[in-house]
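Undergrad: Below is a structure I'd like to ask you about.
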Amino acid sequence: MSPPSLIDVHPNLAGTAPVALSYELFPPKSAAAAASLWTTIGELESTSPDYVSVTYGASGSNRDTAVELINRLVQETTLRPLAHLTCVGNTAQELADIIGELLDVGVRGILALRGDQPSGRGLPAEGSLRYAQDLIELIRRVEQRRSALLCAGKVAVGVAAYPTRHPESPTEAHDVEVLLAKQRSGADFAITQVFFRTEQYAQLLSRARRAGVTIPIIPGVMPLTSVRRVTRLGQLTGVEPAPELMERLAAAATDAERNRIGVAATVDLANAALDAGAPGLHLYTFNEHASALEVLDKLALPRPRRGNRHPAGRRQLAS
């Protein structure tokens with residue numbers, strides 16, 4: 001007779017799942033920016049995040065500095081890096097070499113992205129990959145060839161998800177079909193692009209689950225404290241910021257008031273996503289820590305005392 005199932009004994013295991021916490025960083029462009037970034041890294045490390053993602057420029061324009069930053073994170077901190085990787089403009093062999101380099105420095109998580117075609121360039125070079133789905137499959141092939149070196153460990157592959165229609169997509173339903181295709185190719189989880197309305201994450205989650213997407217979909221939120229940054233991000237992503245928020249930020253008399261308004265709006269977005277069933281939060285920091293940590297404080301996500309350097313922790317929302 002088979003032993004009793006633990007699932008039967010503990011039917012409410014889903015309620016004990018921790019809330020994941022992660023941040024996005026980008027490689028510094030100067031020595032001064034690097035010094036500021038490492039101050040931010042120290043502050044973010046004190047919260048024991050589950051991982052930090054490191055961006056990667058179009059066609060690998062900042063590849064060397066990205067890999068250098070990732071290597072330092074592995075060697076000098078307790079942080080787990082998730083390396084962004086774009087495929088547009090690179091051949092399968094070039095990308096396989098980059099994946100191998102990332103694995104060699106200790107990366108065990110990759111965010112597989114299509115990437116944007118750099119402006120001023122013609123068609124992609126012959127043989128270059130075209131879609132994130134192709135990159136996911138390539139990562140899995142490289143992983144399979146290197147499984148002995150990885151002690152049969154599995155590389156975690158993340159992808160992008162879109163709460164609102166991608167600028168190049170005909171419909172939101174098409175975006176979900178693309179996400180489903182990424183899952184079928186071997187994606188483990190998704191991180192959303194920024195969104196500005198509290199209902200948008202729940203709507204994405206509903207569309208995705210109805211279509212058969214089962215991987216975790218983690219909401220990406222940014223501290224909405226800068227009119228310039230929110231405007232620029234809206235232009236880059238094709239996502240229109242909420243007009244009422246922009247009006248309130250523009251009307252703020254001081255930076256402190258603007259920060260209070262933006263943090264409160266970000267907390268509302270995060271709470272709405274968590275209430276809808278989000279498994280965690282991914283904070284776009286723009287290499288700054290103050291407003292990101294203020295958002296966490298308002299959310300009552302517990303943080304270890306400074307100097308606590310144990311590996312990324314298991315956390316739950318404070319009761």
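Going through the structure tokens in order, the chains are called A, B, and so on, while each chain numbers its residues from 1 and the ligands are numbered from 1 in the order shown.
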Excluding Val176 of chain A and residues on its chain fewer than 5 positions from it, collect all residues at most 12 Å away from it, counting only C-alpha atoms, and give them as a list in words.
TA: Ala160, Ala161, Tyr162, Pro163, Thr164, Arg165, His166, Ser169, Pro170, Thr171, Ala181, Lys182, Gln183, Ala190, Thr192, Gln203, Leu204, Leu205, Ser206, Arg207, Ala208, Arg209, Arg210, Ala211, Gly212, Val213, Thr214 and Ile217 of chain A
Undergrad: Can you pull out the residues contacting Ala132 of chain A? Cut-off 10 Å, using only C-alpha atoms, and skip same-chain residues under 3 positions away; I want them as a JSON list (two decimals) with C-alpha atoms, in the first residue's frame.
TA:
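Full text of result_33.json as output:
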```
[["chain", "number", "residue", "atom", "x", "y", "z"],
["A", 85, "LEU", "CA", 19.63, 38.26, -22.31],
["A", 86, "THR", "CA", 18.28, 39.61, -25.60],
["A", 87, "CYS", "CA", 18.45, 37.67, -28.84],
["A", 88, "VAL", "CA", 17.73, 40.12, -31.69],
["A", 111, "LEU", "CA", 15.53, 36.37, -18.30],
["A", 112, "ALA", "CA", 15.07, 35.52, -21.98],
["A", 113, "LEU", "CA", 13.96, 38.53, -24.02],
["A", 114, "ARG", "CA", 13.55, 39.27, -27.70],
["A", 115, "GLY", "CA", 14.94, 42.78, -27.36],
["A", 129, "LEU", "CA", 17.39, 34.67, -33.56],
["A", 135, "LEU", "CA", 16.20, 31.98, -27.10],
["A", 136, "ILE", "CA", 14.45, 29.87, -24.44],
["A", 137, "GLU", "CA", 14.92, 26.74, -26.55],
["A", 138, "LEU", "CA", 18.59, 27.62, -27.10],
["A", 159, "VAL", "CA", 10.30, 35.76, -19.69],
["A", 160, "ALA", "CA", 8.37, 39.01, -20.09],
["A", 178, "VAL", "CA", 2.94, 34.32, -27.09],
["A", 179, "LEU", "CA", 3.34, 33.84, -23.33],
["A", 181, "ALA", "CA", 4.33, 29.56, -26.43],
["A", 182, "LYS", "CA", 7.20, 30.68, -24.20],
["A", 185, "SER", "CA", 9.40, 26.19, -24.91],
["A", 187, "ALA", "CA", 9.99, 29.17, -19.48]]
```
Undergrad: Name the closest residue to Asp275 of chain A among the candidates A:Val227, A:Leu73, A:Ala202, A:Ile41; distances are taken between atoms, counting only C-alpha atoms.
TA: A:Ala202
Undergrad: Which is closest to Val194 of chain A among A:Leu149, A:Ala256, A:Leu269, A:Met222, if we use only C-alpha atoms?
TA: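 Selected residue with least distance to Val194 of chain A: A:Met222.
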Undergrad: Could you pull out the alpha helix (DSSP H) residues of segment 114-250 of chain A, going by DSSP on the backbone, and write them as an mmCIF file with N, CA and C atoms, in the first residue's frame?
TA:
```cif
data_model
loop_
_atom_site.group_PDB
_atom_site.id
_atom_site.type_symbol
_atom_site.label_atom_id
_atom_site.label_comp_id
_atom_site.auth_asym_id
_atom_site.auth_seq_id
_atom_site.Cartn_x
_atom_site.Cartn_y
_atom_site.Cartn_z
ATOM 1 N N ALA A 132 11.883 35.554 -28.443
ATOM 2 C CA ALA A 132 12.274 35.049 -27.129
ATOM 3 C C ALA A 132 12.094 33.540 -27.056
ATOM 4 N N GLN A 133 11.079 33.026 -27.722
ATOM 5 C CA GLN A 133 10.846 31.586 -27.719
ATOM 6 C C GLN A 133 12.062 30.832 -28.253
ATOM 7 N N ASP A 134 12.692 31.369 -29.308
ATOM 8 C CA ASP A 134 13.902 30.743 -29.859
ATOM 9 C C ASP A 134 15.025 30.754 -28.828
ATOM 10 N N LEU A 135 15.146 31.856 -28.096
ATOM 11 C CA LEU A 135 16.200 31.975 -27.097
ATOM 12 C C LEU A 135 15.988 30.995 -25.955
ATOM 13 N N ILE A 136 14.749 30.834 -25.516
ATOM 14 C CA ILE A 136 14.453 29.875 -24.443
ATOM 15 C C ILE A 136 14.907 28.479 -24.860
ATOM 16 N N GLU A 137 14.550 28.081 -26.077
ATOM 17 C CA GLU A 137 14.923 26.745 -26.553
ATOM 18 C C GLU A 137 16.434 26.592 -26.650
ATOM 19 N N LEU A 138 17.124 27.669 -27.040
ATOM 20 C CA LEU A 138 18.587 27.622 -27.099
ATOM 21 C C LEU A 138 19.176 27.468 -25.701
ATOM 22 N N ILE A 139 18.654 28.214 -24.725
ATOM 23 C CA ILE A 139 19.136 28.083 -23.338
ATOM 24 C C ILE A 139 18.990 26.641 -22.869
ATOM 25 N N ARG A 140 17.865 26.028 -23.160
ATOM 26 C CA ARG A 140 17.641 24.645 -22.739
ATOM 27 C C ARG A 140 18.610 23.683 -23.431
ATOM 28 N N ARG A 141 18.945 23.948 -24.690
ATOM 29 C CA ARG A 141 19.910 23.077 -25.380
ATOM 30 C C ARG A 141 21.306 23.228 -24.775
ATOM 31 N N VAL A 142 21.707 24.466 -24.485
ATOM 32 C CA VAL A 142 23.008 24.686 -23.856
ATOM 33 C C VAL A 142 23.031 24.029 -22.478
ATOM 34 N N GLU A 143 21.953 24.195 -21.733
ATOM 35 C CA GLU A 143 21.849 23.590 -20.408
ATOM 36 C C GLU A 143 21.991 22.075 -20.483
ATOM 37 N N GLN A 144 21.340 21.466 -21.464
ATOM 38 C CA GLN A 144 21.394 20.007 -21.600
ATOM 39 C C GLN A 144 22.816 19.533 -21.871
ATOM 40 N N ARG A 145 23.545 20.288 -22.708
ATOM 41 C CA ARG A 145 24.925 19.907 -23.020
ATOM 42 C C ARG A 145 25.846 20.063 -21.815
ATOM 43 N N GLU A 172 -4.427 41.885 -26.986
ATOM 44 C CA GLU A 172 -3.957 41.342 -25.716
ATOM 45 C C GLU A 172 -4.024 39.815 -25.723
ATOM 46 N N ALA A 173 -5.016 39.253 -26.429
ATOM 47 C CA ALA A 173 -5.125 37.798 -26.524
ATOM 48 C C ALA A 173 -3.901 37.218 -27.233
ATOM 49 N N HIS A 174 -3.399 37.925 -28.237
ATOM 50 C CA HIS A 174 -2.191 37.460 -28.930
ATOM 51 C C HIS A 174 -0.993 37.454 -27.988
ATOM 52 N N ASP A 175 -0.889 38.480 -27.133
ATOM 53 C CA ASP A 175 0.197 38.516 -26.147
ATOM 54 C C ASP A 175 0.171 37.276 -25.252
ATOM 55 N N VAL A 176 -1.038 36.862 -24.862
ATOM 56 C CA VAL A 176 -1.165 35.688 -24.003
ATOM 57 C C VAL A 176 -0.759 34.430 -24.759
ATOM 58 N N GLU A 177 -1.096 34.351 -26.042
ATOM 59 C CA GLU A 177 -0.679 33.199 -26.841
ATOM 60 C C GLU A 177 0.844 33.133 -26.943
ATOM 61 N N VAL A 178 1.478 34.279 -27.058
ATOM 62 C CA VAL A 178 2.943 34.316 -27.085
ATOM 63 C C VAL A 178 3.507 33.843 -25.751
ATOM 64 N N LEU A 179 2.901 34.279 -24.658
ATOM 65 C CA LEU A 179 3.343 33.840 -23.329
ATOM 66 C C LEU A 179 3.174 32.332 -23.184
ATOM 67 N N LEU A 180 2.078 31.795 -23.693
ATOM 68 C CA LEU A 180 1.850 30.348 -23.642
ATOM 69 C C LEU A 180 2.914 29.618 -24.460
ATOM 70 N N ALA A 181 3.284 30.170 -25.612
ATOM 71 C CA ALA A 181 4.331 29.556 -26.428
ATOM 72 C C ALA A 181 5.670 29.562 -25.701
ATOM 73 N N LYS A 182 5.958 30.624 -24.980
ATOM 74 C CA LYS A 182 7.195 30.680 -24.196
ATOM 75 C C LYS A 182 7.181 29.606 -23.109
ATOM 76 N N GLN A 183 6.040 29.426 -22.477
ATOM 77 C CA GLN A 183 5.926 28.377 -21.463
ATOM 78 C C GLN A 183 6.190 27.014 -22.076
ATOM 79 N N ARG A 184 5.623 26.743 -23.234
ATOM 80 C CA ARG A 184 5.814 25.451 -23.892
ATOM 81 C C ARG A 184 7.263 25.218 -24.285
ATOM 82 N N SER A 185 7.997 26.319 -24.530
ATOM 83 C CA SER A 185 9.404 26.193 -24.908
ATOM 84 C C SER A 185 10.325 25.994 -23.714
ATOM 85 N N GLN A 200 -5.023 46.012 -13.806
ATOM 86 C CA GLN A 200 -4.396 45.441 -14.999
ATOM 87 C C GLN A 200 -3.681 44.115 -14.737
ATOM 88 N N TYR A 201 -3.050 43.966 -13.575
ATOM 89 C CA TYR A 201 -2.400 42.682 -13.288
ATOM 90 C C TYR A 201 -3.436 41.573 -13.171
ATOM 91 N N ALA A 202 -4.510 41.804 -12.442
ATOM 92 C CA ALA A 202 -5.544 40.780 -12.272
ATOM 93 C C ALA A 202 -6.143 40.381 -13.617
ATOM 94 N N GLN A 203 -6.326 41.350 -14.497
ATOM 95 C CA GLN A 203 -6.872 41.050 -15.813
ATOM 96 C C GLN A 203 -5.913 40.191 -16.627
ATOM 97 N N LEU A 204 -4.621 40.514 -16.571
ATOM 98 C CA LEU A 204 -3.624 39.681 -17.258
ATOM 99 C C LEU A 204 -3.640 38.266 -16.706
ATOM 100 N N LEU A 205 -3.650 38.139 -15.382
ATOM 101 C CA LEU A 205 -3.631 36.817 -14.763
ATOM 102 C C LEU A 205 -4.844 36.005 -15.197
ATOM 103 N N SER A 206 -5.996 36.627 -15.259
ATOM 104 C CA SER A 206 -7.213 35.933 -15.679
ATOM 105 C C SER A 206 -7.104 35.473 -17.123
ATOM 106 N N ARG A 207 -6.644 36.343 -18.012
ATOM 107 C CA ARG A 207 -6.492 35.961 -19.425
ATOM 108 C C ARG A 207 -5.507 34.807 -19.570
ATOM 109 N N ALA A 208 -4.381 34.908 -18.859
ATOM 110 C CA ALA A 208 -3.334 33.900 -18.986
ATOM 111 C C ALA A 208 -3.799 32.536 -18.476
ATOM 112 N N ARG A 209 -4.444 32.509 -17.314
ATOM 113 C CA ARG A 209 -4.882 31.228 -16.762
ATOM 114 C C ARG A 209 -5.960 30.585 -17.637
ATOM 115 N N ARG A 210 -6.846 31.382 -18.192
ATOM 116 C CA ARG A 210 -7.867 30.828 -19.083
ATOM 117 C C ARG A 210 -7.247 30.214 -20.331
ATOM 118 N N ALA A 211 -6.133 30.777 -20.768
ATOM 119 C CA ALA A 211 -5.473 30.279 -21.976
ATOM 120 C C ALA A 211 -4.587 29.067 -21.717
ATOM 121 N N VAL A 227 7.974 62.402 -12.604
ATOM 122 C CA VAL A 227 7.166 62.675 -13.804
ATOM 123 C C VAL A 227 7.965 62.363 -15.057
ATOM 124 N N ARG A 228 9.212 62.794 -15.083
ATOM 125 C CA ARG A 228 10.044 62.569 -16.269
ATOM 126 C C ARG A 228 10.233 61.080 -16.535
ATOM 127 N N ARG A 229 10.524 60.332 -15.482
ATOM 128 C CA ARG A 229 10.785 58.905 -15.662
ATOM 129 C C ARG A 229 9.523 58.153 -16.069
ATOM 130 N N VAL A 230 8.404 58.463 -15.439
ATOM 131 C CA VAL A 230 7.153 57.790 -15.789
ATOM 132 C C VAL A 230 6.757 58.120 -17.223
ATOM 133 N N THR A 231 6.931 59.386 -17.624
ATOM 134 C CA THR A 231 6.612 59.787 -18.994
ATOM 135 C C THR A 231 7.489 59.052 -19.995
ATOM 136 N N ARG A 232 8.772 59.020 -19.710
ATOM 137 C CA ARG A 232 9.718 58.352 -20.620
ATOM 138 C C ARG A 232 9.419 56.867 -20.709
ATOM 139 N N LEU A 233 9.121 56.249 -19.586
ATOM 140 C CA LEU A 233 8.824 54.820 -19.587
ATOM 141 C C LEU A 233 7.552 54.536 -20.377
ATOM 142 N N GLY A 234 6.568 55.403 -20.252
ATOM 143 C CA GLY A 234 5.355 55.235 -21.029
ATOM 144 C C GLY A 234 5.628 55.304 -22.518
ATOM 145 N N GLN A 235 6.517 56.209 -22.921
ATOM 146 C CA GLN A 235 6.873 56.326 -24.334
ATOM 147 C C GLN A 235 7.601 55.084 -24.833
ATOM 148 N N LEU A 236 8.509 54.564 -24.022
ATOM 149 C CA LEU A 236 9.301 53.403 -24.437
ATOM 150 C C LEU A 236 8.467 52.141 -24.514
ATOM 151 N N THR A 237 7.507 51.992 -23.615
ATOM 152 C CA THR A 237 6.751 50.742 -23.532
ATOM 153 C C THR A 237 5.419 50.796 -24.266
ATOM 154 N N PRO A 243 -3.557 59.284 -16.258
ATOM 155 C CA PRO A 243 -3.529 60.758 -16.286
ATOM 156 C C PRO A 243 -3.707 61.387 -14.916
ATOM 157 N N GLU A 244 -4.571 60.786 -14.079
ATOM 158 C CA GLU A 244 -4.811 61.381 -12.770
ATOM 159 C C GLU A 244 -3.548 61.343 -11.901
ATOM 160 N N LEU A 245 -2.743 60.273 -12.046
ATOM 161 C CA LEU A 245 -1.489 60.205 -11.297
ATOM 162 C C LEU A 245 -0.516 61.257 -11.808
ATOM 163 N N MET A 246 -0.403 61.395 -13.115
ATOM 164 C CA MET A 246 0.519 62.368 -13.687
ATOM 165 C C MET A 246 0.146 63.784 -13.265
ATOM 166 N N GLU A 247 -1.146 64.067 -13.204
ATOM 167 C CA GLU A 247 -1.586 65.397 -12.784
ATOM 168 C C GLU A 247 -1.214 65.666 -11.326
ATOM 169 N N ARG A 248 -1.375 64.670 -10.474
ATOM 170 C CA ARG A 248 -1.046 64.847 -9.065
ATOM 171 C C ARG A 248 0.460 65.021 -8.868
ATOM 172 N N LEU A 249 1.250 64.242 -9.619
ATOM 173 C CA LEU A 249 2.699 64.377 -9.501
ATOM 174 C C LEU A 249 3.158 65.747 -9.993
ATOM 175 N N ALA A 250 2.592 66.193 -11.111
ATOM 176 C CA ALA A 250 2.996 67.478 -11.671
ATOM 177 C C ALA A 250 2.595 68.637 -10.759
#
```
Undergrad: Do you have the atom CA of Ser22 of chain A-atom CA of Asp104 of chain A distance handy?
TA: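 Separation of atom CA of Ser22 of chain A and atom CA of Asp104 of chain A: 22.6 Å.
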Undergrad: Would you please extract all strand (DSSP E) residues from segment 139-271 of chain A, as assigned by DSSP on the backbone, and give them as a list in words?
TA: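 For segment 139-271 of chain A, the strand (DSSP E) set is Ala156, Val157, Gly158, Val159, Ala160, Ala161, Phe189, Ala190, Ile191, Thr192, Ile217, Ile218, Gly220 and Val221 of chain A.
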Undergrad: For Leu293 of chain A, work out the shell of residues within 10 Å, counting only C-alpha atoms and skipping chain neighbours fewer than 3 positions away, then give it as a list of chain:residue names.
TA: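 Near Leu293 of chain A, the qualifying residues are A:Glu43, A:Leu44, A:Thr47, A:Pro223, A:Val263, A:Leu283, A:Thr285, A:Glu288, A:His289, A:Ala290, A:Leu296, A:Asp297, A:Lys298, A:Leu299, A:Leu301, A:Arg303.
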Undergrad: Calculated over only C-alpha atoms, which of the candidates A:Ala96, A:Ala66, A:Ala278, A:Ile110 has the smallest distance to Tyr51 of chain A?
TA: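 Among A:Ala96, A:Ala66, A:Ala278, A:Ile110, it is A:Ile110 that comes nearest to Tyr51 of chain A.
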Undergrad: With only C-alpha atoms as the counted atoms, please give the residues lying no more than 12 Å from Asp64 of chain A, apart from itself and same-chain residues fewer than 2 positions off, as a PyMOL selection string.
TA: chain A and resi 27-29+55-57+60-62+66-71+98+101-102
Undergrad: Could you write those residues out with all heavy atoms, as a tab-separated table (two decimals), in the first residue's frame?
TA:
```tsv
chain	number	residue	atom	x	y	z
A	27	PRO	N	23.70	47.90	-15.48
A	27	PRO	CA	25.14	48.16	-15.34
A	27	PRO	C	25.42	49.66	-15.35
A	27	PRO	O	24.81	50.42	-16.10
A	27	PRO	CB	25.74	47.49	-16.58
A	27	PRO	CG	24.73	46.46	-16.99
A	27	PRO	CD	23.40	47.06	-16.66
A	28	PRO	N	26.34	50.13	-14.51
A	28	PRO	CA	26.66	51.56	-14.44
A	28	PRO	C	27.42	52.02	-15.67
A	28	PRO	O	28.12	51.24	-16.32
A	28	PRO	CB	27.52	51.66	-13.18
A	28	PRO	CG	28.18	50.31	-13.08
A	28	PRO	CD	27.16	49.32	-13.58
A	29	LYS	N	27.28	53.31	-15.98
A	29	LYS	CA	27.94	53.87	-17.17
A	29	LYS	C	29.17	54.71	-16.83
A	29	LYS	O	29.84	55.21	-17.73
A	29	LYS	CB	26.94	54.73	-17.96
A	29	LYS	CG	25.77	53.92	-18.52
A	29	LYS	CD	24.82	54.81	-19.30
A	29	LYS	CE	23.65	54.01	-19.86
A	29	LYS	NZ	22.70	54.85	-20.62
A	55	THR	N	20.12	44.07	-16.22
A	55	THR	CA	19.70	44.30	-17.60
A	55	THR	C	20.87	44.14	-18.56
A	55	THR	O	22.04	44.17	-18.18
A	55	THR	CB	19.08	45.69	-17.77
A	55	THR	OG1	20.09	46.69	-17.53
A	55	THR	CG2	17.92	45.89	-16.81
A	56	TYR	N	20.49	44.03	-19.82
A	56	TYR	CA	21.44	43.74	-20.90
A	56	TYR	C	21.00	44.58	-22.08
A	56	TYR	O	19.85	44.48	-22.52
A	56	TYR	CB	21.34	42.24	-21.20
A	56	TYR	CG	22.34	41.66	-22.16
A	56	TYR	CD1	23.57	41.21	-21.70
A	56	TYR	CD2	22.05	41.50	-23.51
A	56	TYR	CE1	24.48	40.63	-22.57
A	56	TYR	CE2	22.95	40.92	-24.37
A	56	TYR	CZ	24.17	40.49	-23.91
A	56	TYR	OH	25.07	39.91	-24.77
A	57	GLY	N	21.87	45.45	-22.59
A	57	GLY	CA	21.48	46.39	-23.64
A	57	GLY	C	21.14	45.73	-24.95
A	57	GLY	O	21.38	44.54	-25.18
A	60	GLY	N	23.36	43.38	-26.89
A	60	GLY	CA	24.50	43.19	-26.00
A	60	GLY	C	25.42	44.37	-25.95
A	60	GLY	O	26.63	44.22	-25.75
A	61	SER	N	24.87	45.60	-26.12
A	61	SER	CA	25.73	46.79	-26.19
A	61	SER	C	26.52	47.02	-24.91
A	61	SER	O	27.57	47.66	-24.95
A	61	SER	CB	24.88	48.03	-26.51
A	61	SER	OG	23.85	48.19	-25.55
A	62	ASN	N	26.04	46.53	-23.77
A	62	ASN	CA	26.79	46.68	-22.52
A	62	ASN	C	27.12	45.31	-21.94
A	62	ASN	O	27.14	45.14	-20.72
A	62	ASN	CB	26.02	47.53	-21.52
A	62	ASN	CG	24.66	46.92	-21.17
A	62	ASN	OD1	24.26	45.90	-21.75
A	62	ASN	ND2	23.97	47.52	-20.23
A	66	ALA	N	27.79	44.31	-18.00
A	66	ALA	CA	26.74	43.49	-17.38
A	66	ALA	C	27.34	42.24	-16.76
A	66	ALA	O	27.03	41.88	-15.62
A	66	ALA	CB	25.67	43.13	-18.41
A	67	VAL	N	28.20	41.56	-17.51
A	67	VAL	CA	28.83	40.34	-17.00
A	67	VAL	C	29.74	40.67	-15.82
A	67	VAL	O	29.79	39.92	-14.84
A	67	VAL	CB	29.61	39.61	-18.11
A	67	VAL	CG1	30.40	38.44	-17.53
A	67	VAL	CG2	28.66	39.12	-19.19
A	68	GLU	N	30.43	41.79	-15.88
A	68	GLU	CA	31.29	42.20	-14.76
A	68	GLU	C	30.46	42.43	-13.50
A	68	GLU	O	30.83	42.01	-12.40
A	68	GLU	CB	32.05	43.46	-15.12
A	68	GLU	CG	32.96	43.97	-14.00
A	68	GLU	CD	33.65	45.28	-14.35
A	68	GLU	OE1	33.46	45.78	-15.47
A	68	GLU	OE2	34.36	45.80	-13.47
A	69	LEU	N	29.32	43.12	-13.66
A	69	LEU	CA	28.45	43.36	-12.51
A	69	LEU	C	27.91	42.05	-11.95
A	69	LEU	O	27.91	41.83	-10.73
A	69	LEU	CB	27.29	44.27	-12.92
A	69	LEU	CG	26.20	44.51	-11.87
A	69	LEU	CD1	26.80	45.08	-10.58
A	69	LEU	CD2	25.12	45.44	-12.43
A	70	ILE	N	27.48	41.16	-12.82
A	70	ILE	CA	26.96	39.87	-12.38
A	70	ILE	C	28.04	39.09	-11.63
A	70	ILE	O	27.79	38.50	-10.57
A	70	ILE	CB	26.46	39.05	-13.59
A	70	ILE	CG1	25.17	39.68	-14.13
A	70	ILE	CG2	26.22	37.60	-13.21
A	70	ILE	CD1	24.76	39.14	-15.48
A	71	ASN	N	29.25	39.09	-12.16
A	71	ASN	CA	30.35	38.37	-11.52
A	71	ASN	C	30.63	38.92	-10.13
A	71	ASN	O	30.84	38.17	-9.17
A	71	ASN	CB	31.60	38.46	-12.40
A	71	ASN	CG	32.68	37.49	-11.96
A	71	ASN	OD1	32.39	36.37	-11.53
A	71	ASN	ND2	33.93	37.90	-12.07
A	98	ILE	N	27.53	33.29	-25.12
A	98	ILE	CA	27.19	34.21	-24.04
A	98	ILE	C	26.54	33.45	-22.88
A	98	ILE	O	26.86	33.68	-21.70
A	98	ILE	CB	26.25	35.32	-24.54
A	98	ILE	CG1	26.96	36.19	-25.58
A	98	ILE	CG2	25.76	36.18	-23.37
A	98	ILE	CD1	26.04	37.15	-26.32
A	101	GLU	N	29.15	31.71	-21.00
A	101	GLU	CA	29.92	32.66	-20.18
A	101	GLU	C	29.15	33.00	-18.90
A	101	GLU	O	29.73	33.05	-17.81
A	101	GLU	CB	30.19	33.92	-20.98
A	101	GLU	CG	31.01	34.97	-20.25
A	101	GLU	CD	31.29	36.20	-21.09
A	101	GLU	OE1	30.74	36.29	-22.21
A	101	GLU	OE2	32.04	37.07	-20.63
A	102	LEU	N	27.84	33.22	-19.03
A	102	LEU	CA	27.03	33.52	-17.85
A	102	LEU	C	27.02	32.36	-16.87
A	102	LEU	O	27.16	32.54	-15.66
A	102	LEU	CB	25.60	33.87	-18.27
A	102	LEU	CG	25.42	35.18	-19.04
A	102	LEU	CD1	23.99	35.30	-19.56
A	102	LEU	CD2	25.77	36.38	-18.16
```
Undergrad: Go through A:Ser46, A:Thr266, A:Ser226, A:Ser291 and flag the residue nearest Thr254 of chain A, using only C-alpha atoms for the distances.
TA: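 So, comparing all the options, the nearest one is A:Ser226.
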Undergrad: Using only C-alpha atoms, which residue out of A:Gly220, A:Val295, A:Glu240, A:Asn287 lies closest to Leu37 of chain A?
TA: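 Nearest to Leu37 of chain A: A:Asn287.
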